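Colleague: You'll find query17.txt just under this line, and it carries compact mmCIF, C-alpha atoms (C1' of nucleotides).
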```txt
# COMPACT_ATOMS: atom_id res chain seq x y z
CA MET B 1 65.02 120.10 67.33
CA PRO B 2 68.77 120.33 67.97
CA ARG B 3 71.09 120.00 65.04
CA ALA B 4 72.70 116.66 64.46
CA GLY B 5 76.03 118.35 63.78
CA LEU B 6 76.90 116.19 60.82
CA ASP B 7 79.99 116.54 58.73
CA ARG B 8 81.12 115.31 55.33
CA ALA B 9 83.78 113.09 56.90
CA THR B 10 81.27 111.67 59.38
CA VAL B 11 78.79 110.87 56.63
CA VAL B 12 81.43 109.18 54.48
CA ALA B 13 82.77 107.17 57.43
CA ALA B 14 79.29 106.05 58.43
CA GLY B 15 78.56 105.13 54.81
CA ALA B 16 81.71 103.04 54.65
CA ALA B 17 80.79 101.26 57.87
CA LEU B 18 77.28 100.58 56.61
CA ALA B 19 78.63 99.23 53.31
CA ASP B 20 80.82 96.82 55.25
CA GLU B 21 77.95 95.59 57.37
CA ALA B 22 75.12 95.45 54.85
CA GLY B 23 77.10 94.87 51.68
CA LEU B 24 77.57 97.47 48.99
CA PRO B 25 74.05 97.07 47.54
CA GLY B 26 72.71 97.38 51.08
CA LEU B 27 74.17 100.85 51.41
CA THR B 28 71.20 103.11 50.78
CA MET B 29 70.70 106.78 51.40
CA GLY B 30 67.65 106.09 53.51
CA LEU B 31 69.36 103.55 55.73
CA LEU B 32 72.41 105.73 56.15
CA ALA B 33 70.28 108.73 57.09
CA GLN B 34 68.35 106.65 59.59
CA ARG B 35 71.57 105.44 61.16
CA LEU B 36 72.80 109.01 61.48
CA GLY B 37 69.54 110.09 63.10
CA VAL B 38 68.57 112.32 60.22
CA ARG B 39 66.10 112.40 57.32
CA THR B 40 67.29 111.29 53.91
CA PRO B 41 67.41 114.66 52.12
CA SER B 42 69.66 116.09 54.81
CA LEU B 43 72.51 113.94 53.56
CA TYR B 44 72.55 115.97 50.36
CA LYS B 45 73.90 118.92 52.33
CA HIS B 46 77.12 116.98 52.88
CA VAL B 47 77.40 114.72 49.89
CA ASP B 48 76.47 115.12 46.25
CA GLY B 49 74.26 112.07 45.94
CA LEU B 50 74.93 108.34 46.10
CA ASP B 51 77.53 108.27 43.34
CA ASP B 52 79.56 110.96 45.04
CA LEU B 53 79.28 109.11 48.35
CA LEU B 54 80.55 105.92 46.71
CA ARG B 55 83.49 107.76 45.19
CA ARG B 56 84.45 109.18 48.58
CA ILE B 57 84.09 105.82 50.28
CA ALA B 58 86.32 104.30 47.60
CA ALA B 59 88.93 107.01 48.15
CA LEU B 60 88.81 106.39 51.89
CA ALA B 61 89.16 102.66 51.37
CA LEU B 62 92.14 103.02 49.04
CA ALA B 63 93.87 105.35 51.49
CA GLU B 64 93.27 102.98 54.38
CA ALA B 65 94.30 99.89 52.44
CA GLY B 66 97.37 101.63 51.09
CA ASP B 67 98.36 102.66 54.60
CA ALA B 68 97.82 99.15 55.93
CA VAL B 69 99.90 97.51 53.22
CA GLY B 70 102.57 100.21 53.38
CA LEU B 71 102.87 99.85 57.13
CA ALA B 72 103.06 96.07 56.90
CA VAL B 73 105.89 96.21 54.38
CA ARG B 74 107.98 98.73 56.30
CA GLY B 75 111.29 97.28 57.46
CA ARG B 76 110.82 93.97 55.67
CA ALA B 77 112.18 92.58 52.46
CA GLY B 78 111.95 89.53 50.22
CA ARG B 79 109.56 86.81 51.26
CA ASP B 80 108.79 88.60 54.54
CA ALA B 81 107.66 91.73 52.76
CA LEU B 82 105.62 89.78 50.22
CA ALA B 83 103.82 87.79 52.91
CA ALA B 84 103.20 90.86 55.06
CA ALA B 85 101.77 92.83 52.15
CA ALA B 86 99.55 90.00 50.97
CA HIS B 87 98.24 89.32 54.46
CA ALA B 88 97.58 92.99 55.13
CA PHE B 89 95.70 93.32 51.87
CA ARG B 90 93.59 90.22 52.41
CA ALA B 91 92.83 91.16 55.99
CA PHE B 92 91.65 94.58 54.90
CA VAL B 93 89.32 93.21 52.23
CA LEU B 94 87.87 90.62 54.59
CA ALA B 95 87.36 93.16 57.35
CA HIS B 96 85.91 95.81 55.00
CA PRO B 97 84.26 94.04 52.08
CA GLY B 98 81.82 96.82 51.25
CA ARG B 99 84.44 99.56 51.38
CA TYR B 100 86.71 97.55 49.12
CA ALA B 101 83.96 96.62 46.70
CA SER B 102 83.28 100.31 46.20
CA THR B 103 86.76 100.79 44.75
CA VAL B 104 86.36 98.57 41.71
CA GLY B 105 85.18 100.37 38.63
CA GLN B 106 85.93 103.85 39.93
CA GLU B 107 87.91 105.97 37.51
CA PRO B 108 89.94 108.86 38.93
CA THR B 109 89.29 112.16 37.19
CA GLY B 110 92.87 113.35 37.39
CA PRO B 111 96.21 112.84 39.15
CA ASP B 112 95.07 114.95 42.12
CA ASP B 113 91.93 112.91 42.66
CA PRO B 114 92.11 111.37 46.18
CA LEU B 115 91.15 108.16 44.43
CA ALA B 116 94.34 108.26 42.37
CA VAL B 117 96.43 109.27 45.38
CA GLY B 118 95.22 106.33 47.45
CA ALA B 119 95.68 103.90 44.59
CA GLY B 120 99.17 105.22 44.04
CA ARG B 121 100.10 104.71 47.67
CA MET B 122 99.05 101.09 47.56
CA LEU B 123 100.85 100.59 44.29
CA ASP B 124 104.01 101.99 45.85
CA ALA B 125 103.76 99.53 48.71
CA PHE B 126 103.60 96.60 46.30
CA ARG B 127 106.38 98.14 44.23
CA SER B 128 108.62 98.19 47.27
CA VAL B 129 107.90 94.48 47.71
CA LEU B 130 109.21 93.81 44.23
CA HIS B 131 112.23 95.94 45.02
CA GLY B 132 113.36 93.20 47.40
CA TYR B 133 113.58 90.75 44.51
CA GLU B 134 115.85 91.02 41.53
CA VAL B 135 113.14 91.67 38.99
CA PRO B 136 114.51 93.15 35.74
CA GLU B 137 113.28 96.68 35.18
CA PRO B 138 111.05 96.03 32.14
CA ASP B 139 109.27 93.26 34.04
CA THR B 140 108.24 95.20 37.13
CA ASP B 141 105.00 96.50 35.65
CA HIS B 142 103.96 93.01 34.66
CA ALA B 143 104.91 91.61 38.05
CA LEU B 144 102.99 94.40 39.73
CA ARG B 145 99.90 93.57 37.75
CA MET B 146 100.29 89.94 38.64
CA LEU B 147 100.49 90.70 42.37
CA ARG B 148 97.48 92.93 42.10
CA SER B 149 95.45 90.40 40.14
CA LEU B 150 96.36 87.64 42.54
CA CYS B 151 95.56 89.58 45.70
CA HIS B 152 92.44 91.15 44.26
CA GLY B 153 91.16 87.88 42.82
CA PHE B 154 91.79 85.82 45.90
CA ALA B 155 90.40 88.30 48.40
CA THR B 156 87.40 89.11 46.24
CA LEU B 157 86.50 85.48 45.67
CA GLU B 158 86.98 84.63 49.32
CA SER B 159 84.82 87.50 50.55
CA ALA B 160 82.11 86.43 48.08
CA HIS B 161 82.30 82.86 49.46
CA GLY B 162 83.74 81.75 46.16
CA PHE B 163 85.88 78.98 47.69
CA ARG B 164 83.32 76.44 48.62
CA TRP B 165 85.06 73.12 48.54
CA SER B 166 87.10 71.39 51.14
CA ALA B 167 90.66 72.63 51.39
CA ASP B 168 91.56 75.20 54.03
CA VAL B 169 91.57 78.72 52.67
CA ASP B 170 94.34 80.03 54.92
CA GLU B 171 96.53 77.18 53.78
CA SER B 172 95.82 78.00 50.14
CA PHE B 173 96.81 81.60 50.76
CA GLU B 174 100.12 80.57 52.30
CA TRP B 175 100.73 78.20 49.39
CA LEU B 176 100.02 81.01 46.97
CA ILE B 177 102.51 83.31 48.70
CA ASP B 178 105.12 80.57 48.59
CA PHE B 179 104.50 79.96 44.92
CA THR B 180 104.86 83.64 44.10
CA ASP B 181 107.99 83.98 46.23
CA ARG B 182 109.72 81.06 44.50
CA GLY B 183 108.77 82.43 41.10
CA LEU B 184 110.07 85.90 41.86
CA ARG B 185 113.33 84.62 43.34
CA ALA B 186 113.95 82.52 40.25
CA MET B 187 114.00 85.49 37.90
CA MET H 1 47.53 92.37 19.65
CA PRO H 2 49.48 89.27 18.59
CA ARG H 3 51.45 87.41 21.20
CA ALA H 4 55.12 88.06 21.41
CA GLY H 5 55.82 84.35 21.83
CA LEU H 6 58.39 84.74 24.54
CA ASP H 7 60.15 81.92 26.26
CA ARG H 8 62.17 81.53 29.42
CA ALA H 9 65.34 80.81 27.46
CA THR H 10 64.74 83.82 25.21
CA VAL H 11 64.24 86.11 28.18
CA VAL H 12 67.38 84.87 29.91
CA ALA H 13 69.45 85.17 26.74
CA ALA H 14 68.20 88.69 26.09
CA GLY H 15 68.92 89.59 29.71
CA ALA H 16 72.46 88.30 29.40
CA ALA H 17 72.98 90.29 26.21
CA LEU H 18 71.62 93.42 27.83
CA ALA H 19 73.85 92.95 30.86
CA ASP H 20 76.86 92.72 28.57
CA GLU H 21 75.93 95.89 26.72
CA ALA H 22 74.68 98.09 29.53
CA GLY H 23 76.64 96.67 32.43
CA LEU H 24 75.14 94.58 35.17
CA PRO H 25 73.55 97.56 36.99
CA GLY H 26 72.13 98.67 33.65
CA LEU H 27 70.17 95.44 33.34
CA THR H 28 66.69 96.46 34.44
CA MET H 29 63.38 94.70 34.09
CA GLY H 30 61.90 97.70 32.32
CA LEU H 31 64.68 97.98 29.77
CA LEU H 32 64.68 94.25 29.11
CA ALA H 33 60.92 94.24 28.59
CA GLN H 34 61.19 97.18 26.22
CA ARG H 35 63.86 95.41 24.23
CA LEU H 36 61.66 92.33 23.97
CA GLY H 37 58.71 94.42 22.80
CA VAL H 38 56.66 93.69 25.89
CA ARG H 39 55.49 95.46 29.07
CA THR H 40 57.47 94.93 32.25
CA PRO H 41 55.03 92.71 34.19
CA SER H 42 54.88 90.23 31.32
CA LEU H 43 58.43 89.15 32.12
CA TYR H 44 57.19 87.71 35.41
CA LYS H 45 55.38 85.00 33.45
CA HIS H 46 58.76 83.60 32.41
CA VAL H 47 61.06 84.55 35.24
CA ASP H 48 60.60 84.82 38.97
CA GLY H 49 61.80 88.39 39.37
CA LEU H 50 65.15 90.07 38.92
CA ASP H 51 67.05 87.87 41.38
CA ASP H 52 65.89 84.76 39.59
CA LEU H 53 66.84 86.27 36.25
CA LEU H 54 70.33 87.06 37.55
CA ARG H 55 70.75 83.51 38.83
CA ARG H 56 69.78 82.10 35.45
CA ILE H 57 72.09 84.47 33.62
CA ALA H 58 74.90 83.42 35.93
CA ALA H 59 74.20 79.75 35.26
CA LEU H 60 74.21 80.43 31.52
CA ALA H 61 77.49 82.33 31.79
CA LEU H 62 79.17 79.58 33.78
CA ALA H 63 78.04 76.95 31.30
CA GLU H 64 79.28 79.02 28.35
CA ALA H 65 82.58 79.91 30.00
CA GLY H 66 83.12 76.32 31.10
CA ASP H 67 82.50 75.12 27.57
CA ALA H 68 84.85 77.71 26.12
CA VAL H 69 87.68 76.86 28.49
CA GLY H 70 87.06 73.13 28.19
CA LEU H 71 87.12 73.30 24.41
CA ALA H 72 90.29 75.38 24.41
CA VAL H 73 92.10 72.89 26.60
CA ARG H 74 91.08 69.82 24.62
CA GLY H 75 94.05 68.10 23.04
CA ARG H 76 96.62 70.32 24.67
CA ALA H 77 98.90 69.86 27.64
CA GLY H 78 101.46 71.73 29.70
CA ARG H 79 102.13 75.31 28.77
CA ASP H 80 99.91 75.07 25.71
CA ALA H 81 96.93 74.02 27.78
CA LEU H 82 97.57 76.68 30.42
CA ALA H 83 97.83 79.44 27.83
CA ALA H 84 94.77 78.25 25.93
CA ALA H 85 92.66 78.07 29.09
CA ALA H 86 93.78 81.47 30.34
CA HIS H 87 93.16 83.11 26.98
CA ALA H 88 89.75 81.52 26.60
CA PHE H 89 88.75 82.65 30.06
CA ARG H 90 89.97 86.20 29.59
CA ALA H 91 88.35 86.46 26.18
CA PHE H 92 85.04 85.33 27.58
CA VAL H 93 85.07 87.85 30.41
CA LEU H 94 86.06 90.69 28.09
CA ALA H 95 83.39 89.76 25.56
CA HIS H 96 80.69 89.22 28.19
CA PRO H 97 81.47 91.42 31.18
CA GLY H 98 77.89 91.69 32.43
CA ARG H 99 77.21 87.96 32.15
CA TYR H 100 80.39 87.20 34.02
CA ALA H 101 79.81 89.82 36.69
CA SER H 102 76.50 88.17 37.47
CA THR H 103 78.30 85.00 38.54
CA VAL H 104 80.19 86.45 41.48
CA GLY H 105 78.40 86.17 44.76
CA GLN H 106 75.88 83.57 43.56
CA GLU H 107 75.62 80.60 45.89
CA PRO H 108 74.31 77.34 44.41
CA THR H 109 71.47 75.81 46.38
CA GLY H 110 72.57 72.23 45.86
CA PRO H 111 74.72 69.96 43.70
CA ASP H 112 72.03 69.81 40.99
CA ASP H 113 71.79 73.57 40.69
CA PRO H 114 72.76 74.52 37.11
CA LEU H 115 74.97 77.09 38.77
CA ALA H 116 76.98 74.36 40.46
CA VAL H 117 77.06 72.24 37.31
CA GLY H 118 78.48 75.06 35.22
CA ALA H 119 81.03 75.98 37.88
CA GLY H 120 82.06 72.35 38.10
CA ARG H 121 82.62 72.11 34.38
CA MET H 122 84.92 75.12 34.39
CA LEU H 123 86.73 73.77 37.42
CA ASP H 124 87.29 70.49 35.60
CA ALA H 125 88.79 72.30 32.66
CA PHE H 126 91.32 74.01 34.89
CA ARG H 127 91.94 70.78 36.74
CA SER H 128 92.88 69.13 33.48
CA VAL H 129 95.40 71.91 32.90
CA LEU H 130 97.07 71.06 36.19
CA HIS H 131 97.05 67.42 35.18
CA GLY H 132 99.64 68.26 32.55
CA TYR H 133 102.06 69.37 35.26
CA GLU H 134 103.50 67.23 37.98
CA VAL H 135 101.69 68.88 40.85
CA PRO H 136 101.68 66.72 43.99
CA GLU H 137 98.16 65.60 44.89
CA PRO H 138 97.72 67.60 48.11
CA ASP H 139 98.70 70.79 46.26
CA THR H 140 96.19 70.61 43.42
CA ASP H 141 93.42 72.37 45.32
CA HIS H 142 95.74 75.22 46.22
CA ALA H 143 97.04 75.45 42.67
CA LEU H 144 93.49 75.44 41.37
CA ARG H 145 92.57 78.31 43.64
CA MET H 146 95.62 80.21 42.49
CA LEU H 147 94.70 79.79 38.82
CA ARG H 148 91.18 80.88 39.54
CA SER H 149 92.25 83.91 41.57
CA LEU H 150 94.74 84.94 38.93
CA CYS H 151 92.36 84.62 35.99
CA HIS H 152 89.44 86.12 37.85
CA GLY H 153 91.48 88.99 39.25
CA PHE H 154 93.16 89.88 35.99
CA ALA H 155 90.08 89.67 33.81
CA THR H 156 87.91 91.50 36.34
CA LEU H 157 90.38 94.32 36.80
CA GLU H 158 90.92 94.64 33.07
CA SER H 159 87.23 94.75 32.25
CA ALA H 160 86.78 97.43 34.95
CA HIS H 161 89.61 99.47 33.37
CA GLY H 162 91.72 98.77 36.41
CA PHE H 163 95.01 98.79 34.50
CA ARG H 164 95.48 102.40 33.73
CA TRP H 165 99.15 102.96 33.44
CA SER H 166 101.47 102.49 30.54
CA ALA H 167 102.51 98.90 29.97
CA ASP H 168 100.67 96.82 27.39
CA VAL H 169 97.99 94.65 28.94
CA ASP H 170 98.30 91.77 26.45
CA GLU H 171 102.01 91.63 27.19
CA SER H 172 101.32 91.51 30.91
CA PHE H 173 98.96 88.62 30.39
CA GLU H 174 101.55 86.65 28.44
CA TRP H 175 104.11 87.41 31.13
CA LEU H 176 101.72 86.16 33.76
CA ILE H 177 101.13 82.89 31.90
CA ASP H 178 104.87 82.42 31.56
CA PHE H 179 105.40 83.08 35.24
CA THR H 180 102.76 80.56 36.23
CA ASP H 181 104.06 77.96 33.79
CA ARG H 182 107.60 78.22 35.14
CA GLY H 183 106.34 77.96 38.70
CA LEU H 184 104.22 74.90 37.98
CA ARG H 185 106.98 73.13 36.09
CA ALA H 186 109.38 73.69 38.98
CA MET H 187 107.26 71.77 41.46
C1' DC L 1 33.27 73.45 13.26
C1' DT L 2 32.59 74.93 17.90
C1' DC L 3 33.56 75.31 22.50
C1' DC L 4 36.79 75.30 26.63
C1' DT L 5 40.70 75.94 28.89
C1' DG L 6 45.32 77.42 29.90
C1' DT L 7 48.58 80.66 29.09
C1' DG L 8 50.83 84.98 27.97
C1' DG L 9 49.97 89.31 27.29
C1' DC L 10 47.90 93.74 29.55
C1' DT L 11 46.48 97.79 33.07
C1' DA L 12 46.48 99.49 37.67
C1' DA L 13 48.50 100.08 41.83
C1' DG L 14 51.83 99.97 45.84
C1' DG L 15 56.25 100.23 48.10
C1' DC L 16 60.78 100.98 47.64
C1' DT L 17 64.65 103.70 45.72
C1' DG L 18 67.37 108.49 44.69
C1' DT L 19 66.75 113.27 44.08
C1' DT L 20 65.13 118.27 43.96
C1' DA L 21 62.67 122.37 45.64
C1' DG L 22 61.57 125.22 49.04
C1' DC L 23 60.95 126.33 53.97
C1' DC L 24 62.49 127.38 58.61
C1' DA L 25 65.12 127.57 62.79
C1' DC L 26 69.30 127.35 64.92
C1' DA L 27 74.18 129.23 65.64
C1' DA L 28 77.73 132.18 64.90
C1' DG L 29 79.57 137.04 63.81
C1' DC L 30 79.08 142.00 63.41
C1' DG R 1 70.91 142.18 69.62
C1' DC R 2 70.25 141.69 64.82
C1' DT R 3 71.75 139.29 60.46
C1' DT R 4 73.08 135.85 57.79
C1' DG R 5 74.42 131.39 56.32
C1' DT R 6 73.80 126.73 57.03
C1' DG R 7 71.88 122.32 58.27
C1' DG R 8 68.03 120.37 59.35
C1' DC R 9 62.97 119.52 57.67
C1' DT R 10 58.46 118.36 54.64
C1' DA R 11 56.55 117.64 50.19
C1' DA R 12 56.88 115.92 45.87
C1' DC R 13 58.42 113.34 41.70
C1' DA R 14 60.51 109.95 38.64
C1' DG R 15 62.03 105.37 38.17
C1' DC R 16 62.64 100.83 39.96
C1' DC R 17 60.64 95.96 41.22
C1' DT R 18 56.65 93.54 42.17
C1' DT R 19 51.73 91.85 42.78
C1' DA R 20 46.81 91.49 41.68
C1' DG R 21 43.50 90.87 38.57
C1' DC R 22 41.65 91.04 33.82
C1' DC R 23 41.23 89.54 29.07
C1' DA R 24 42.15 87.63 24.58
C1' DC R 25 44.48 84.55 21.96
C1' DA R 26 45.92 79.51 20.68
C1' DG R 27 45.29 74.85 20.68
C1' DG R 28 42.93 70.58 21.84
C1' DA R 29 38.29 67.95 22.76
C1' DG R 30 34.04 66.86 21.38
```
Take the structure from the file and write it as structure tokens.
Modeller:
Amino acid sequence: MPRAGLDRATVVAAGAALADEAGLPGLTMGLLAQRLGVRTPSLYKHVDGLDDLLRRIAALALAEAGDAVGLAVRGRAGRDALAAAAHAFRAFVLAHPGRYASTVGQEPTGPDDPLAVGAGRMLDAFRSVLHGYEVPEPDTDHALRMLRSLCHGFATLESAHGFRWSADVDESFEWLIDFTDRGLRAM
Amino acid sequence: MPRAGLDRATVVAAGAALADEAGLPGLTMGLLAQRLGVRTPSLYKHVDGLDDLLRRIAALALAEAGDAVGLAVRGRAGRDALAAAAHAFRAFVLAHPGRYASTVGQEPTGPDDPLAVGAGRMLDAFRSVLHGYEVPEPDTDHALRMLRSLCHGFATLESAHGFRWSADVDESFEWLIDFTDRGLRAM
DNA sequence: CTCCTGTGGCTAAGGCTGTTAGCCACAAGC
DNA sequence: GCTTGTGGCTAACAGCCTTAGCCACAGGAG
């Protein structure tokens, strides 16, 4: 039997993909092994169990999301930057719901934890959005938390089919960006 | 051996309490049975399996949260109502994280589903908050979704220890209420 | 007061998880 | 060409949810 030639990065990437397709609870060691053409225990040669796998998927997701938002913001300012960041974030969560779901509730062990690095990169992207508005220094942390809560809440609820009634969801998102933009400009 | 005298409502209530204490993934049929002084299979006489239990816990949580927010809003208007609703919501999620977590991702089967009834009651409470502002009719749905995203996002992130850095979380929440109030009044 | 029935407990068992131990063969390096 | 480390494997176990089937208690009918 020839070796499958697996790799930690391959396993984590396949796990992330499976989480997106089957939902986070649908990500199981057995299913992942089967998809990689390998028996379940073999995964333990590359990953330290399910918890470790989830941590690594979360780190991957944060890095990817941070990159996406950072790239979207680049070269923009004010309302443009806000809209670009919000759209990039929402698009990422909708395209990768399982990946993103794995990030909530993960606590980084230290400042060098890839988890913390990825989170920091995304935070920086949102911080640069605020930089385009004249937000007083002591308020930036609060504003940052508001942006995060808003984006996280909206995208999470939408990906869980939490918006069931009539109005168009895209329209609501645009409205929400407008509302935030007006509020930030008025400071 | 005397009967334990269990009841569907008792089982659901104990399940909700256990979910709050041990976290939603910590709510297990075995643990719940043990806490009720009964063997695991006995629970199936009162509840149709774990999924059914989770649905009922979610319905209970929505009813309780809706009541709490509705009661907080009663007799208030404008900024007062907004602050009262937001605080009641956040307090509920922080006090009952497991209960609340069970509500996300549950889809009601029909308009008579207790799940839908509870969700509707909470929605009405927030709708009455908006009633105190002069929000144009076509915008109310969008504003409602914004309030929901903001409250859900903030409370969820906070209860998952998502706000790690320095600034005071209570202060951020007040800031966020202020920001929303100013935005709504300016419409 | 006695019997009958429904209900709410129980034991036993099966299929699914994640996980560990221990084996064995391939692939690369001296 | 041999040696060694590594990446597969099988076997096994604990814990989870769930079902089947039994049995004794509680309450109502006669």
Colleague: Tell me, counting only C-alpha atoms, for each residue of chain H within 8 Å of chain B, which pair of atoms is nearest and how far apart they are in Å to one decimal, in rows ordered by chain and increasing number, as a Markdown table.
Modeller:
```
| residue | atom | partner | partner_atom | distance |
| --- | --- | --- | --- | --- |
| H:Val104 | CA | B:Ala160 | CA | 6.9 |
| H:Gly105 | CA | B:Ala160 | CA | 5.0 |
| H:Glu107 | CA | B:His161 | CA | 7.9 |
| H:Asp141 | CA | B:Ala167 | CA | 6.7 |
| H:His142 | CA | B:Ser172 | CA | 4.8 |
| H:Ala143 | CA | B:Leu176 | CA | 7.6 |
| H:Arg145 | CA | B:Ser172 | CA | 7.3 |
| H:Met146 | CA | B:Leu176 | CA | 6.3 |
| H:Arg148 | CA | B:Gly153 | CA | 7.7 |
| H:Ser149 | CA | B:Gly153 | CA | 4.3 |
| H:Leu150 | CA | B:Leu150 | CA | 4.8 |
| H:Cys151 | CA | B:Gly153 | CA | 7.7 |
| H:His152 | CA | B:Gly153 | CA | 5.5 |
| H:Gly153 | CA | B:Gly153 | CA | 3.8 |
| H:Phe154 | CA | B:Ser149 | CA | 4.8 |
| H:Leu157 | CA | B:Ser149 | CA | 7.2 |
| H:Ala160 | CA | B:Gly105 | CA | 5.0 |
| H:His161 | CA | B:Gly105 | CA | 6.9 |
| H:Gly162 | CA | B:Gly105 | CA | 7.1 |
| H:Phe163 | CA | B:Arg145 | CA | 7.9 |
| H:Ala167 | CA | B:Asp141 | CA | 6.6 |
| H:Glu171 | CA | B:His142 | CA | 7.8 |
| H:Ser172 | CA | B:His142 | CA | 4.8 |
| H:Phe173 | CA | B:His142 | CA | 7.9 |
| H:Trp175 | CA | B:His142 | CA | 6.6 |
| H:Leu176 | CA | B:Met146 | CA | 6.3 |
| H:Phe179 | CA | B:Gly183 | CA | 6.8 |
| H:Thr180 | CA | B:Gly183 | CA | 8.0 |
| H:Arg182 | CA | B:Gly183 | CA | 7.4 |
| H:Gly183 | CA | B:Gly183 | CA | 5.6 |
```
Colleague: Residues of chain R no more than 9 Å from chain H, counting only C-alpha atoms (C1' of nucleotides): send them over as a ChimeraX atom specification.
Modeller: /R:16-18,24-25
Colleague: Can I get the selected residues back with C-alpha atoms (C1' of nucleotides), as a PDB file, in the coordinates of the input?
Modeller:
```pdb
ATOM      1  C1'  DC R  16      62.640 100.830  39.960  1.00  0.00           C
ATOM      2  C1'  DC R  17      60.640  95.960  41.220  1.00  0.00           C
ATOM      3  C1'  DT R  18      56.650  93.540  42.170  1.00  0.00           C
ATOM      4  C1'  DA R  24      42.150  87.630  24.580  1.00  0.00           C
ATOM      5  C1'  DC R  25      44.480  84.550  21.960  1.00  0.00           C
TER       6       DC R  25
END
```
Colleague: To one decimal place in Å, what is the distance between atom CA of H:Val73 and atom CA of H:Leu54?
Modeller: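 Calculated distance between atom CA of H:Val73 and atom CA of H:Leu54 is 28.2 Å.
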Colleague: Interatomic distance between atom CA of H:Leu60 and atom CA of H:Gly37?
Modeller: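 For atom CA of H:Leu60 relative to atom CA of H:Gly37, the distance reads 22.6 Å.
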Colleague: Counting only C-alpha atoms (C1' of nucleotides), which residues in chain L sit no more than 8 Å from chain H? For each one, give the nearest pair of atoms and the distance in Å, sorted by chain then residue number, as CSV.
Modeller:
```
residue,atom,partner,partner_atom,distance
L:DG8,C1',H:Lys45,CA,7.1
L:DG9,C1',H:Ser42,CA,6.4
L:DC10,C1',H:Arg39,CA,7.8
```
Colleague: Please measure the separation of atom CA of B:Leu82 and atom CA of B:Gly118, giving the value in Å to one decimal.
Modeller: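 Pair atom CA of B:Leu82 / atom CA of B:Gly118 returns 19.7 Å.
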Colleague: Counting all atoms listed in the file, find residues at most 12 Å from (73.8, 92.9, 41.8) (file frame) and give them as a PyMOL selection string.
Modeller: (chain B and resi 23-26+101) or (chain H and resi 19+23-28+50-55+57-58+98-106)
Colleague: Got a sec: who's within 12 Å of L:DT2, counting only C-alpha atoms (C1' of nucleotides), leaving out chain neighbours fewer than 2 positions off, as an mmCIF file with C-alpha atoms (C1' of nucleotides), keeping the file's coordinate frame?
Modeller:
```
data_model
loop_
_atom_site.group_PDB
_atom_site.id
_atom_site.type_symbol
_atom_site.label_atom_id
_atom_site.label_comp_id
_atom_site.auth_asym_id
_atom_site.auth_seq_id
_atom_site.Cartn_x
_atom_site.Cartn_y
_atom_site.Cartn_z
ATOM 1 C "C1'" DC L 4 36.790 75.300 26.630
ATOM 2 C "C1'" DG R 28 42.930 70.580 21.840
ATOM 3 C "C1'" DA R 29 38.290 67.950 22.760
ATOM 4 C "C1'" DG R 30 34.040 66.860 21.380
#
```
Colleague: Axis-aligned box over every listed atom of stretch 71-86 of chain H, padded by 5 Å per side: centre and edges in Å to one decimal, as lines of an AutoDock Vina configuration file?
Modeller:
```
center_x = 94.6
center_y = 74.8
center_z = 26.7
size_x = 25.0
size_y = 23.4
size_z = 17.4
```
Colleague: Using the partial input, fill out stretch 38-45 of chain H with N, CA, C and O atoms; write the result as a tab-separated table (two decimals), in the coordinates of the input.
Modeller:
```tsv
chain	number	residue	atom	x	y	z
H	38	VAL	N	57.66	94.19	24.96
H	38	VAL	CA	56.66	93.69	25.89
H	38	VAL	C	56.63	94.63	27.08
H	38	VAL	O	57.55	95.39	27.32
H	39	ARG	N	55.54	94.63	27.86
H	39	ARG	CA	55.49	95.46	29.07
H	39	ARG	C	56.17	94.73	30.23
H	39	ARG	O	56.14	93.49	30.27
H	40	THR	N	56.67	95.52	31.17
H	40	THR	CA	57.47	94.93	32.25
H	40	THR	C	56.81	93.73	32.94
H	40	THR	O	57.45	92.68	33.08
H	41	PRO	N	55.57	93.83	33.40
H	41	PRO	CA	55.03	92.71	34.19
H	41	PRO	C	54.97	91.40	33.42
H	41	PRO	O	54.92	90.34	34.04
H	42	SER	N	54.95	91.47	32.09
H	42	SER	CA	54.88	90.23	31.32
H	42	SER	C	56.10	89.34	31.57
H	42	SER	O	56.01	88.11	31.47
H	43	LEU	N	57.23	89.96	31.90
H	43	LEU	CA	58.43	89.15	32.12
H	43	LEU	C	58.24	88.17	33.27
H	43	LEU	O	58.84	87.10	33.29
H	44	TYR	N	57.37	88.55	34.22
H	44	TYR	CA	57.19	87.71	35.41
H	44	TYR	C	56.47	86.41	35.08
H	44	TYR	O	56.37	85.54	35.94
H	45	LYS	N	55.95	86.28	33.85
H	45	LYS	CA	55.38	85.00	33.45
H	45	LYS	C	56.47	84.00	33.09
H	45	LYS	O	56.23	82.80	33.01
```
